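So this one's data35.tsv, TSV, C-alpha atoms and all ligand atoms:
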```tsv
chain	number	residue	atom	x	y	z
A	1	MET	CA	-16.79	-1.16	-30.70
A	2	PHE	CA	-14.84	0.53	-27.89
A	3	ASN	CA	-11.35	0.57	-26.40
A	4	ALA	CA	-10.30	-1.44	-23.38
A	5	LEU	CA	-7.02	-2.37	-21.74
A	6	ILE	CA	-7.01	-6.16	-21.86
A	7	VAL	CA	-4.65	-8.40	-19.90
A	8	GLU	CA	-4.08	-11.82	-21.48
A	9	LYS	CA	-2.24	-14.87	-20.20
A	10	ASP	CA	-0.27	-17.18	-22.52
A	11	ASP	CA	0.21	-20.95	-22.23
A	12	GLU	CA	3.33	-20.44	-20.11
A	13	GLY	CA	1.39	-18.31	-17.63
A	14	LYS	CA	2.97	-15.02	-18.76
A	15	THR	CA	0.63	-12.02	-18.77
A	16	SER	CA	0.65	-9.11	-21.23
A	17	ALA	CA	-1.52	-5.99	-21.37
A	18	SER	CA	-2.57	-4.07	-24.50
A	19	VAL	CA	-5.29	-1.66	-25.63
A	20	GLN	CA	-7.79	-3.49	-27.88
A	21	GLN	CA	-11.14	-2.79	-29.51
A	22	ILE	CA	-13.97	-5.01	-28.32
A	23	GLY	CA	-17.75	-5.17	-28.80
A	24	GLU	CA	-20.46	-4.68	-26.18
A	25	ASP	CA	-21.45	-8.33	-26.53
A	26	ARG	CA	-18.24	-9.23	-24.66
A	27	LEU	CA	-19.17	-7.25	-21.54
A	28	PRO	CA	-20.17	-9.42	-18.55
A	29	ASP	CA	-23.71	-9.67	-17.16
A	30	GLY	CA	-25.01	-6.83	-14.99
A	31	GLU	CA	-27.96	-4.47	-14.70
A	32	VAL	CA	-26.20	-1.22	-15.55
A	33	THR	CA	-24.00	-0.30	-18.52
A	34	VAL	CA	-21.79	2.71	-17.84
A	35	ALA	CA	-19.95	4.91	-20.34
A	36	VAL	CA	-16.73	5.21	-18.35
A	37	GLU	CA	-15.06	8.63	-18.34
A	38	TYR	CA	-12.20	8.23	-15.89
A	39	SER	CA	-10.43	5.53	-13.90
A	40	THR	CA	-7.24	5.60	-11.86
A	41	VAL	CA	-4.28	3.53	-10.66
A	42	ASN	CA	-4.26	1.91	-7.23
A	43	TYR	CA	-1.77	-0.54	-5.73
A	44	LYS	CA	-4.14	-3.43	-6.52
A	45	ASP	CA	-4.31	-2.26	-10.14
A	46	GLY	CA	-0.54	-2.58	-10.27
A	47	LEU	CA	-0.93	-6.23	-9.26
A	48	CYS	CA	-3.79	-6.90	-11.72
A	49	LEU	CA	-1.95	-5.23	-14.63
A	50	GLY	CA	0.94	-7.65	-14.14
A	51	PRO	CA	1.17	-11.29	-13.15
A	52	GLY	CA	1.14	-10.81	-9.37
A	53	GLY	CA	-1.31	-10.81	-6.58
A	54	GLY	CA	-3.48	-13.81	-7.37
A	55	LEU	CA	-6.41	-11.38	-7.50
A	56	VAL	CA	-7.46	-12.17	-11.09
A	57	ARG	CA	-8.94	-15.61	-11.69
A	58	ASN	CA	-9.97	-15.53	-15.35
A	59	TYR	CA	-8.26	-14.21	-18.49
A	60	PRO	CA	-8.62	-12.23	-20.70
A	61	HIS	CA	-9.23	-9.60	-18.03
A	62	ILE	CA	-9.98	-5.87	-17.89
A	63	PRO	CA	-8.47	-4.37	-14.69
A	64	GLY	CA	-9.40	-1.05	-13.07
A	65	ILE	CA	-10.75	-1.32	-9.50
A	66	ASP	CA	-12.64	1.97	-9.77
A	67	PHE	CA	-14.28	4.21	-12.35
A	68	ALA	CA	-16.66	7.13	-12.77
A	69	GLY	CA	-18.91	7.91	-15.71
A	70	THR	CA	-22.45	8.20	-17.05
A	71	VAL	CA	-25.13	5.49	-17.08
A	72	GLU	CA	-25.84	4.45	-20.65
A	73	SER	CA	-28.61	1.93	-19.94
A	74	SER	CA	-30.08	0.34	-16.84
A	75	ASP	CA	-32.42	-2.56	-16.01
A	76	ASP	CA	-32.55	-1.37	-12.39
A	77	PRO	CA	-35.06	1.29	-11.28
A	78	ARG	CA	-32.44	3.06	-9.15
A	79	TYR	CA	-30.51	4.23	-12.24
A	80	LYS	CA	-31.44	5.71	-15.62
A	81	ALA	CA	-29.50	6.82	-18.69
A	82	GLY	CA	-27.62	10.05	-18.03
A	83	ASP	CA	-27.06	9.48	-14.28
A	84	LYS	CA	-23.53	10.22	-13.06
A	85	VAL	CA	-22.07	7.35	-11.02
A	86	VAL	CA	-18.92	6.20	-9.29
A	87	LEU	CA	-17.78	2.68	-8.44
A	88	THR	CA	-15.12	1.45	-6.03
A	89	GLY	CA	-14.60	-1.99	-4.53
A	90	TRP	CA	-16.75	-5.15	-4.74
A	91	ARG	CA	-13.74	-6.86	-6.42
A	92	VAL	CA	-14.47	-5.04	-9.67
A	93	GLY	CA	-11.24	-4.98	-11.69
A	94	GLU	CA	-10.19	-8.21	-9.95
A	95	ALA	CA	-12.91	-10.89	-10.08
A	96	HIS	CA	-15.05	-8.78	-12.47
A	97	TRP	CA	-14.09	-6.68	-15.49
A	98	GLY	CA	-13.25	-3.16	-14.38
A	99	GLY	CA	-12.75	0.45	-15.34
A	100	TYR	CA	-9.87	0.37	-17.86
A	101	SER	CA	-12.43	0.43	-20.63
A	102	GLN	CA	-14.71	2.91	-22.37
A	103	LYS	CA	-17.69	0.82	-21.22
A	104	ALA	CA	-18.36	-1.30	-18.15
A	105	ARG	CA	-21.33	-3.45	-17.16
A	106	VAL	CA	-21.87	-3.96	-13.41
A	107	LYS	CA	-24.44	-4.70	-10.70
A	108	ALA	CA	-26.57	-1.72	-9.68
A	109	ASP	CA	-25.76	-2.49	-6.02
A	110	TRP	CA	-22.10	-1.64	-6.63
A	111	LEU	CA	-22.73	1.91	-7.89
A	112	VAL	CA	-23.01	5.15	-5.94
A	113	PRO	CA	-24.54	8.31	-7.46
A	114	LEU	CA	-21.96	11.09	-7.68
A	115	PRO	CA	-22.60	13.60	-4.90
A	116	ASP	CA	-23.37	17.24	-5.73
A	117	GLY	CA	-20.17	19.18	-6.18
A	118	LEU	CA	-18.10	16.31	-7.60
A	119	ASP	CA	-17.77	15.45	-11.32
A	120	ALA	CA	-16.47	12.19	-12.80
A	121	LYS	CA	-12.97	13.59	-13.22
A	122	GLN	CA	-12.74	14.78	-9.62
A	123	ALA	CA	-14.24	11.51	-8.35
A	124	MET	CA	-11.46	9.51	-10.00
A	125	ALA	CA	-8.79	11.98	-8.95
A	126	VAL	CA	-10.00	10.94	-5.49
A	127	GLY	CA	-10.51	7.26	-6.46
A	128	THR	CA	-10.39	4.28	-4.12
A	129	ALA	CA	-7.29	5.69	-2.42
A	130	GLY	CA	-8.95	9.01	-1.58
A	131	PHE	CA	-12.28	7.42	-0.70
A	132	THR	CA	-10.42	5.16	1.73
A	133	ALA	CA	-8.54	8.14	3.16
A	134	MET	CA	-11.95	9.71	3.88
A	135	LEU	CA	-13.18	6.47	5.52
A	136	SER	CA	-10.08	6.60	7.73
A	137	VAL	CA	-10.70	10.19	8.81
A	138	MET	CA	-14.35	9.34	9.55
A	139	ALA	CA	-13.29	6.33	11.66
A	140	LEU	CA	-10.81	8.48	13.63
A	141	GLU	CA	-13.50	11.11	14.22
A	142	ASP	CA	-15.97	8.41	15.33
A	143	HIS	CA	-13.34	7.41	17.92
A	144	GLY	CA	-12.96	10.90	19.31
A	145	LEU	CA	-10.41	12.68	17.11
A	146	THR	CA	-10.86	16.46	17.23
A	147	PRO	CA	-8.54	19.29	16.13
A	148	GLY	CA	-6.34	21.01	18.68
A	149	ASN	CA	-4.96	17.93	20.45
A	150	GLY	CA	-1.61	17.68	18.70
A	151	PRO	CA	-0.42	16.45	15.30
A	152	VAL	CA	-2.10	13.67	13.32
A	153	LEU	CA	0.43	11.39	11.61
A	154	VAL	CA	-0.05	10.31	7.97
A	155	THR	CA	2.29	7.56	6.74
A	156	GLY	CA	3.06	6.94	3.04
A	157	ALA	CA	2.09	10.60	2.75
A	158	ALA	CA	3.16	11.27	-0.84
A	159	GLY	CA	1.16	8.29	-2.11
A	160	GLY	CA	-2.54	8.33	-3.02
A	161	VAL	CA	-4.13	7.54	0.35
A	162	GLY	CA	-1.58	9.72	2.15
A	163	SER	CA	-1.96	12.76	-0.13
A	164	VAL	CA	-5.75	12.84	0.16
A	165	ALA	CA	-5.67	12.17	3.93
A	166	THR	CA	-3.18	15.03	4.37
A	167	ALA	CA	-5.34	17.49	2.40
A	168	ILE	CA	-8.59	16.51	4.15
A	169	LEU	CA	-7.12	16.60	7.67
A	170	ALA	CA	-5.40	19.96	7.09
A	171	ASN	CA	-8.63	21.41	5.70
A	172	LEU	CA	-10.52	20.20	8.78
A	173	GLY	CA	-8.11	22.14	10.99
A	174	TYR	CA	-5.75	19.36	12.07
A	175	GLU	CA	-2.01	19.76	12.36
A	176	VAL	CA	-0.62	17.10	9.97
A	177	ALA	CA	2.76	15.37	10.29
A	178	ALA	CA	3.54	13.65	6.98
A	179	VAL	CA	5.88	10.64	6.84
A	180	THR	CA	7.68	10.24	3.55
A	181	GLY	CA	10.67	8.34	2.18
A	182	ARG	CA	10.97	10.87	-0.65
A	183	PRO	CA	12.48	14.13	0.67
A	184	GLU	CA	11.84	15.76	-2.73
A	185	THR	CA	8.09	15.67	-2.00
A	186	GLU	CA	8.40	18.03	0.99
A	187	ASP	CA	7.12	21.13	-0.88
A	188	TYR	CA	4.26	19.09	-2.36
A	189	LEU	CA	3.22	17.76	1.06
A	190	LYS	CA	3.39	21.24	2.60
A	191	SER	CA	1.26	22.57	-0.26
A	192	LEU	CA	-1.37	19.96	0.71
A	193	GLY	CA	-1.32	21.29	4.26
A	194	ALA	CA	1.30	19.22	6.13
A	195	THR	CA	3.02	21.29	8.81
A	196	GLN	CA	5.69	18.75	9.73
A	197	ILE	CA	7.68	16.32	7.54
A	198	VAL	CA	8.88	13.12	9.23
A	199	PRO	CA	11.60	11.22	7.29
A	200	ARG	CA	10.59	7.59	6.76
A	201	ALA	CA	13.92	6.40	8.19
A	202	GLU	CA	13.01	7.83	11.60
A	203	LEU	CA	10.05	5.46	11.91
A	204	ASN	CA	11.50	2.48	10.06
A	205	GLU	CA	14.11	1.90	12.75
A	206	THR	CA	12.89	-0.71	15.18
A	207	THR	CA	13.05	-0.04	18.89
A	208	LYS	CA	12.90	-2.41	21.83
A	209	ARG	CA	10.81	0.12	23.78
A	210	PRO	CA	7.10	-0.73	23.52
A	211	LEU	CA	6.20	2.83	24.55
A	212	GLU	CA	7.83	6.10	23.49
A	213	GLY	CA	6.82	9.72	24.09
A	214	GLU	CA	3.09	10.41	23.51
A	215	THR	CA	3.28	12.31	20.22
A	216	TRP	CA	0.37	11.73	17.82
A	217	SER	CA	-3.33	12.46	18.41
A	218	GLY	CA	-4.30	10.17	15.53
A	219	CYS	CA	-2.79	8.36	12.56
A	220	VAL	CA	-3.79	7.35	9.03
A	221	ASP	CA	-1.41	4.50	8.23
A	222	ALA	CA	-0.92	3.38	4.61
A	223	VAL	CA	2.32	1.53	5.36
A	224	GLY	CA	1.74	-1.18	7.99
A	225	GLY	CA	4.68	-3.40	9.02
A	226	GLU	CA	7.40	-2.11	11.34
A	227	MET	CA	6.34	1.49	10.90
A	228	LEU	CA	2.84	0.79	12.21
A	229	ALA	CA	4.31	-1.18	15.14
A	230	ARG	CA	6.56	1.76	16.03
A	231	VAL	CA	3.76	4.34	15.66
A	232	LEU	CA	1.48	2.44	18.07
A	233	GLY	CA	3.99	3.12	20.85
A	234	GLN	CA	4.04	6.86	20.04
A	235	MET	CA	0.28	7.49	20.17
A	236	LYS	CA	-1.19	9.77	22.82
A	237	TYR	CA	-3.35	8.26	25.55
A	238	GLY	CA	-6.66	6.96	24.07
A	239	ALA	CA	-5.72	7.92	20.49
A	240	SER	CA	-6.54	5.84	17.40
A	241	VAL	CA	-4.67	4.58	14.34
A	242	ALA	CA	-6.59	3.83	11.13
A	243	ALA	CA	-4.81	0.87	9.50
A	244	VAL	CA	-5.40	1.25	5.76
A	245	GLY	CA	-2.47	-0.22	3.87
A	246	LEU	CA	0.56	-2.45	3.67
A	247	ALA	CA	2.94	-0.51	1.42
A	248	GLY	CA	5.73	-1.34	3.91
A	249	GLY	CA	4.62	-4.89	4.76
A	250	ALA	CA	1.76	-7.02	6.04
A	251	LYS	CA	3.39	-8.14	9.28
A	252	LEU	CA	2.76	-6.29	12.52
A	253	PRO	CA	5.75	-6.87	14.84
A	254	ALA	CA	4.19	-5.03	17.80
A	255	THR	CA	3.43	-5.61	21.47
A	256	VAL	CA	0.01	-5.18	23.09
A	257	ILE	CA	1.46	-2.67	25.60
A	258	PRO	CA	0.14	0.50	23.83
A	259	PHE	CA	-3.39	-1.00	23.95
A	260	LEU	CA	-3.14	-1.96	27.62
A	261	LEU	CA	-1.31	1.00	29.11
A	262	ARG	CA	-2.41	3.82	26.84
A	263	GLY	CA	-5.82	2.68	25.60
A	264	VAL	CA	-4.65	3.06	22.01
A	265	ASN	CA	-7.16	1.89	19.35
A	266	LEU	CA	-6.21	0.15	16.13
A	267	LEU	CA	-9.04	0.65	13.62
A	268	GLY	CA	-9.25	-1.55	10.52
A	269	ILE	CA	-10.32	0.26	7.35
A	270	ASP	CA	-11.79	-1.69	4.41
A	271	SER	CA	-13.10	0.06	1.32
A	272	VAL	CA	-14.10	-3.00	-0.73
A	273	MET	CA	-17.15	-4.31	1.17
A	274	GLN	CA	-18.13	-1.00	2.77
A	275	PRO	CA	-21.94	-0.77	3.22
A	276	TYR	CA	-23.85	1.53	0.84
A	277	ASP	CA	-24.92	4.13	3.43
A	278	ASN	CA	-21.37	4.67	4.59
A	279	ARG	CA	-20.20	4.94	0.96
A	280	LEU	CA	-22.72	7.71	0.37
A	281	ARG	CA	-21.64	9.44	3.55
A	282	ALA	CA	-17.95	9.19	2.61
A	283	TRP	CA	-18.44	10.55	-0.93
A	284	GLU	CA	-20.52	13.43	0.44
A	285	ARG	CA	-17.78	14.20	2.97
A	286	VAL	CA	-15.16	14.11	0.17
A	287	ALA	CA	-17.17	16.69	-1.81
A	288	LYS	CA	-17.42	18.88	1.30
A	289	ASP	CA	-14.05	18.45	3.05
A	290	LEU	CA	-11.45	17.96	0.30
A	291	PRO	CA	-10.42	21.30	-1.25
A	292	MET	CA	-10.59	20.89	-5.04
A	293	ASP	CA	-7.49	23.05	-5.66
A	294	LYS	CA	-5.49	20.66	-3.48
A	295	LEU	CA	-6.93	17.70	-5.39
A	296	GLU	CA	-5.90	19.33	-8.67
A	297	ALA	CA	-2.30	19.55	-7.39
A	298	MET	CA	-2.23	15.77	-6.82
A	299	ILE	CA	-3.20	14.77	-10.37
A	300	GLN	CA	-0.89	13.02	-12.81
A	301	PRO	CA	-2.86	12.58	-16.10
A	302	ALA	CA	-2.70	9.29	-18.07
A	303	THR	CA	-4.35	7.31	-20.87
A	304	LEU	CA	-5.13	3.59	-21.28
A	305	SER	CA	-1.83	2.97	-23.08
A	306	ASP	CA	0.18	4.40	-20.13
A	307	LEU	CA	-1.24	1.82	-17.74
A	308	PRO	CA	1.23	-1.07	-18.01
A	309	GLN	CA	4.13	1.25	-17.03
A	310	LEU	CA	2.11	2.97	-14.29
A	311	GLY	CA	1.22	-0.43	-12.84
A	312	GLU	CA	4.94	-1.18	-12.45
A	313	ASP	CA	5.59	2.28	-10.97
A	314	ILE	CA	2.93	2.01	-8.25
A	315	LEU	CA	4.23	-1.39	-7.14
A	316	LYS	CA	7.64	0.25	-6.63
A	317	GLY	CA	6.12	3.12	-4.58
A	318	GLN	CA	7.09	5.61	-7.31
A	319	VAL	CA	3.71	7.21	-8.00
A	320	LYS	CA	3.19	10.63	-6.44
A	321	GLY	CA	-0.36	11.67	-5.55
A	322	ARG	CA	-3.13	10.43	-7.80
A	323	VAL	CA	-3.04	9.13	-11.37
A	324	LEU	CA	-6.12	10.19	-13.37
A	325	VAL	CA	-6.78	7.91	-16.35
A	326	ASP	CA	-8.87	9.43	-19.15
A	327	VAL	CA	-10.14	6.26	-20.87
A	328	ASN	CA	-11.44	8.18	-23.87
B	401	LIG	P1	0.67	4.51	-3.23
B	401	LIG	O1	1.70	3.62	-3.85
B	401	LIG	O2	0.18	5.69	-3.96
B	401	LIG	O3	1.24	5.06	-1.80
B	401	LIG	C1	1.95	4.25	-0.90
B	401	LIG	C2	3.04	5.11	-0.27
B	401	LIG	O4	3.64	4.40	0.81
B	401	LIG	C3	4.19	5.42	-1.20
B	401	LIG	O5	3.93	6.52	-2.04
B	401	LIG	C4	5.29	5.73	-0.21
B	401	LIG	O6	5.08	7.05	0.30
B	401	LIG	C5	5.00	4.76	0.94
B	401	LIG	N1	5.80	3.55	0.85
B	401	LIG	C6	6.01	2.74	-0.22
B	401	LIG	N2	6.80	1.71	0.08
B	401	LIG	C7	7.13	1.87	1.39
B	401	LIG	C8	7.95	1.12	2.29
B	401	LIG	N3	8.59	0.00	1.90
B	401	LIG	N4	8.06	1.57	3.55
B	401	LIG	C9	7.45	2.69	3.97
B	401	LIG	N5	6.67	3.45	3.15
B	401	LIG	C10	6.51	3.02	1.87
B	401	LIG	O7	-0.53	3.57	-2.78
B	401	LIG	P2	-1.97	4.02	-2.24
B	401	LIG	O8	-1.84	5.27	-1.48
B	401	LIG	O9	-2.95	3.93	-3.34
B	401	LIG	O10	-2.28	2.84	-1.24
B	401	LIG	C11	-1.55	2.75	0.00
B	401	LIG	C12	-1.83	1.41	0.65
B	401	LIG	O11	-3.19	1.35	1.03
B	401	LIG	C13	-1.56	0.20	-0.23
B	401	LIG	O12	-0.97	-0.82	0.55
B	401	LIG	C14	-2.96	-0.20	-0.70
B	401	LIG	O13	-3.03	-1.55	-1.02
B	401	LIG	C15	-3.77	0.16	0.53
B	401	LIG	N6	-5.18	0.42	0.25
B	401	LIG	C16	-6.09	-0.17	1.07
B	401	LIG	C17	-7.44	0.06	0.90
B	401	LIG	C18	-8.40	-0.54	1.85
B	401	LIG	O14	-9.59	-0.69	1.51
B	401	LIG	N7	-7.98	-0.86	3.06
B	401	LIG	C19	-7.93	0.90	-0.20
B	401	LIG	C20	-6.88	1.56	-0.96
B	401	LIG	C21	-5.55	1.30	-0.72
B	401	LIG	P3	6.31	8.04	0.51
B	401	LIG	O15	7.07	8.06	-0.77
B	401	LIG	O16	5.68	9.35	0.85
B	401	LIG	O17	7.10	7.46	1.65
```

Will you turn the file into structure tokens for me?
Ligand code: NDP
Amino acid sequence: MFNALIVEKDDEGKTSASVQQIGEDRLPDGEVTVAVEYSTVNYKDGLCLGPGGGLVRNYPHIPGIDFAGTVESSDDPRYKAGDKVVLTGWRVGEAHWGGYSQKARVKADWLVPLPDGLDAKQAMAVGTAGFTAMLSVMALEDHGLTPGNGPVLVTGAAGGVGSVATAILANLGYEVAAVTGRPETEDYLKSLGATQIVPRAELNETTKRPLEGETWSGCVDAVGGEMLARVLGQMKYGASVAAVGLAGGAKLPATVIPFLLRGVNLLGIDSVMQPYDNRLRAWERVAKDLPMDKLEAMIQPATLSDLPQLGEDILKGQVKGRVLVDVN
């Protein structure tokens, strides 16, 4: 028997989450059984822990869109007992049972071996949010971003994606301008390497001008909505924005003018269906380019029983940095 955080739905459609003991026979089909060590809390987890989102189809459900741990048994030649692995995406924790459990059974295709230099705890301190921040930086680099061309903007900076993006970019030698709606996080963001703090209110105000002064050499955007629309008009000529999130809204009330007159690029970033080779590359880059002392400063520790509250907090934008869930 082992512990898992199980979400159940009653006859009236109301969901409730509680830590329960279950047997291995209840785990879904899959080639690899993993002894989970750590998971984390992402925005999607907030939805899956509560009633919202429409992401979960079947109940009872075990959420947790990512986890890291040790292979316990494997029917797939790529993995053997004792291997250290990490999983993000593939709708695990949504359509499939996820990481809020001491054991998980998944498809071998969904796993990635932990790169040298990263243990299970560090991998989940990074989590889907940090992995996606790395994918964003890689996409910006692939489109010509190099240090020394002016500040790179990070929106939703005190959140998970934003914190990791800030630390990676600063470590790579970029000047980082961090947008936050929480002035009390200024010292934290500067400790991660931000050199400029931009109050959220400055970019939330809409403007009728499709183009403003050319200010940012790149942008990792976790917010979307009006802020993304505004930022597009402030990008330098030929610069790129990595669109990662929708913490501020899914609409994009923009004009095409920044694309046509300034050659601005809007790059979509998806972590869920990312091909295996790029996953490997991203995790290796995380191990190399994210300073571990900075990662340590982002961690808020938690256990399975803290998850229902943390799910509510992340939906309200109240989580700072990265939540690290020790499932044992
Ligand atoms: P967090 O909640 O940790 O961070 C989001 C941050 O956005 C908040 O901390 C806050 O930062 C800011 N924010 C919140 N609400 C608003 C608002 N109304 N207007 C402006 N800013 C706001 O979430 P994550 O970092 O884990 O994820 C960020 C986004 O990225 C989410 O939308 C998530 O769904 C998405 N995502 C997408 C992935 C993909 O594959 N494309 C993968 C992972 C995440 P501050 O307080 O500093 O202002």

Can you tell me, as a compact mmCIF listing (two decimals) with C-alpha atoms, keeping the file's coordinate frame, what residues are no more than 10 Å from range 278-290 of chain A when counting only C-alpha atoms, ignoring any on the same chain fewer than 3 positions away?
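Everything below was put into selection_9.txt:
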```txt
# COMPACT_ATOMS: atom_id res chain seq x y z
CA VAL A 86 -18.92 6.20 -9.29
CA LEU A 87 -17.78 2.68 -8.44
CA THR A 88 -15.12 1.45 -6.03
CA LEU A 111 -22.73 1.91 -7.89
CA VAL A 112 -23.01 5.15 -5.94
CA PRO A 113 -24.54 8.31 -7.46
CA LEU A 114 -21.96 11.09 -7.68
CA PRO A 115 -22.60 13.60 -4.90
CA ASP A 116 -23.37 17.24 -5.73
CA GLY A 117 -20.17 19.18 -6.18
CA LEU A 118 -18.10 16.31 -7.60
CA ASP A 119 -17.77 15.45 -11.32
CA GLN A 122 -12.74 14.78 -9.62
CA ALA A 123 -14.24 11.51 -8.35
CA VAL A 126 -10.00 10.94 -5.49
CA GLY A 130 -8.95 9.01 -1.58
CA PHE A 131 -12.28 7.42 -0.70
CA THR A 132 -10.42 5.16 1.73
CA ALA A 133 -8.54 8.14 3.16
CA MET A 134 -11.95 9.71 3.88
CA LEU A 135 -13.18 6.47 5.52
CA SER A 136 -10.08 6.60 7.73
CA VAL A 137 -10.70 10.19 8.81
CA MET A 138 -14.35 9.34 9.55
CA VAL A 164 -5.75 12.84 0.16
CA ALA A 165 -5.67 12.17 3.93
CA THR A 166 -3.18 15.03 4.37
CA ALA A 167 -5.34 17.49 2.40
CA ILE A 168 -8.59 16.51 4.15
CA LEU A 169 -7.12 16.60 7.67
CA ALA A 170 -5.40 19.96 7.09
CA ASN A 171 -8.63 21.41 5.70
CA LEU A 172 -10.52 20.20 8.78
CA SER A 271 -13.10 0.06 1.32
CA MET A 273 -17.15 -4.31 1.17
CA GLN A 274 -18.13 -1.00 2.77
CA PRO A 275 -21.94 -0.77 3.22
CA ASP A 293 -7.49 23.05 -5.66
CA LYS A 294 -5.49 20.66 -3.48
CA LEU A 295 -6.93 17.70 -5.39
```

| request: In the coordinate frame of the file, compute which residues have an atom within 8 Å of (8.7, 4.3, 9.7) when using all atoms listed in the file, and state them as a ChimeraX atom specification. | output: /A:155,179,199-205,226-228,230-231

| Counting only C-alpha atoms, the option among A:Asn265, A:Thr128, A:Thr206, A:Thr15 closest to Ala68 in chain A |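 Going through A:Asn265, A:Thr128, A:Thr206, A:Thr15 one by one, the smallest distance to Ala68 in chain A is for A:Thr128.
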
| request: Choose the residue, out of A:His96, A:Lys9, A:Trp216, A:Val264, that has the smallest atom-to-atom separation from Pro28 in chain A; count only C-alpha atoms. | output: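 That would be A:His96, the residue with the smallest distance to Pro28 in chain A.
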
Cut-off 10 Å: closest range 164-196 of chain A/range 306-326 of chain A atom pairs per residue, using only C-alpha atoms, as a Markdown table:
```
| residue | atom | partner | partner_atom | distance |
| --- | --- | --- | --- | --- |
| A:Val164 | CA | A:Gly321 | CA | 7.9 |
| A:Gly181 | CA | A:Gly317 | CA | 9.7 |
| A:Arg182 | CA | A:Gln318 | CA | 9.3 |
| A:Thr185 | CA | A:Lys320 | CA | 8.3 |
| A:Tyr188 | CA | A:Gly321 | CA | 9.3 |
| A:Leu189 | CA | A:Gly321 | CA | 9.7 |
```

| request: Would you mind listing the residues within 6 Å of ligand LIG 401 (chain B), counting all atoms listed in the file, as a ChimeraX atom specification? | output: /A:42-44,128-129,132,156-162,180-182,222-223,244-248,269-272,314,317,319

| request: Could you pull out every residue with an atom within 12 Å of (-9.5, -19.4, -19.0), file coordinates, counting all atoms listed in the file, and send them as a VMD selection string? | output: chain A and resid 8 to 11 13 56 to 61

| said: Just checking: using all atoms listed in the file, which residue out of A:Ala242, A:Val7, A:Ile62, A:Ala229 ends up closest to Glu94 in chain A? | reply: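 Once distances to Glu94 in chain A are computed over all atoms listed in the file, the minimum belongs to A:Ile62.
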
| Counting only C-alpha atoms, which of A:Leu252, A:Leu55, A:Val41, A:Val36 gets nearest to Lys84 in chain A? | A:Val36

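Using all atoms listed in the file for every distance, the candidate list A:Val106, A:Met235, A:Val85, A:Val152 yields A:Val85 as the residue closest to Lys121 in chain A.
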
| message | Using all atoms listed in the file, can you tell me which of A:Ser191, A:Thr255, A:Asn149, A:Ser39 comes closest to Thr215 in chain A? | response | A:Asn149

| said: Please list as a list of chain:residue names every residue within 10 Å of Glu37 in chain A, counting all atoms listed in the file and excluding residues in the same chain fewer than 5 positions away. | reply: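 The residues that qualify are A:Phe67, A:Ala68, A:Gly69, A:Thr70, A:Gly99, A:Tyr100, A:Ser101, A:Gln102, A:Lys103, A:Ala120, A:Lys121, A:Met124, A:Val325, A:Asp326, A:Val327, A:Asn328.
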
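The list of residues with at least one atom within 7 Å of Pro258 in chain A, based on all atoms listed in the file and without residues fewer than 6 positions apart in the same chain, reads Leu211, Leu232, Gly233 and Val264 of chain A.
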
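Between CA of Asp142 in chain A and CA of Val220 in chain A lies a distance of 13.8 Å.
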
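CA of Leu266 in chain A is found 13.3 Å from CA of Glu141 in chain A.
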
| query | What is the distance between CA of Tyr276 in chain A and CA of Asp76 in chain A, in Å to one decimal? | reply |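 Calculated distance between CA of Tyr276 in chain A and CA of Asp76 in chain A is 16.1 Å.
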
| query | Got a sec: who's within 6 Å of Val176 in chain A, counting all atoms listed in the file, leaving out chain neighbours fewer than 6 positions off, as a PyMOL selection string? | reply | chain A and resi 151-152+194-195
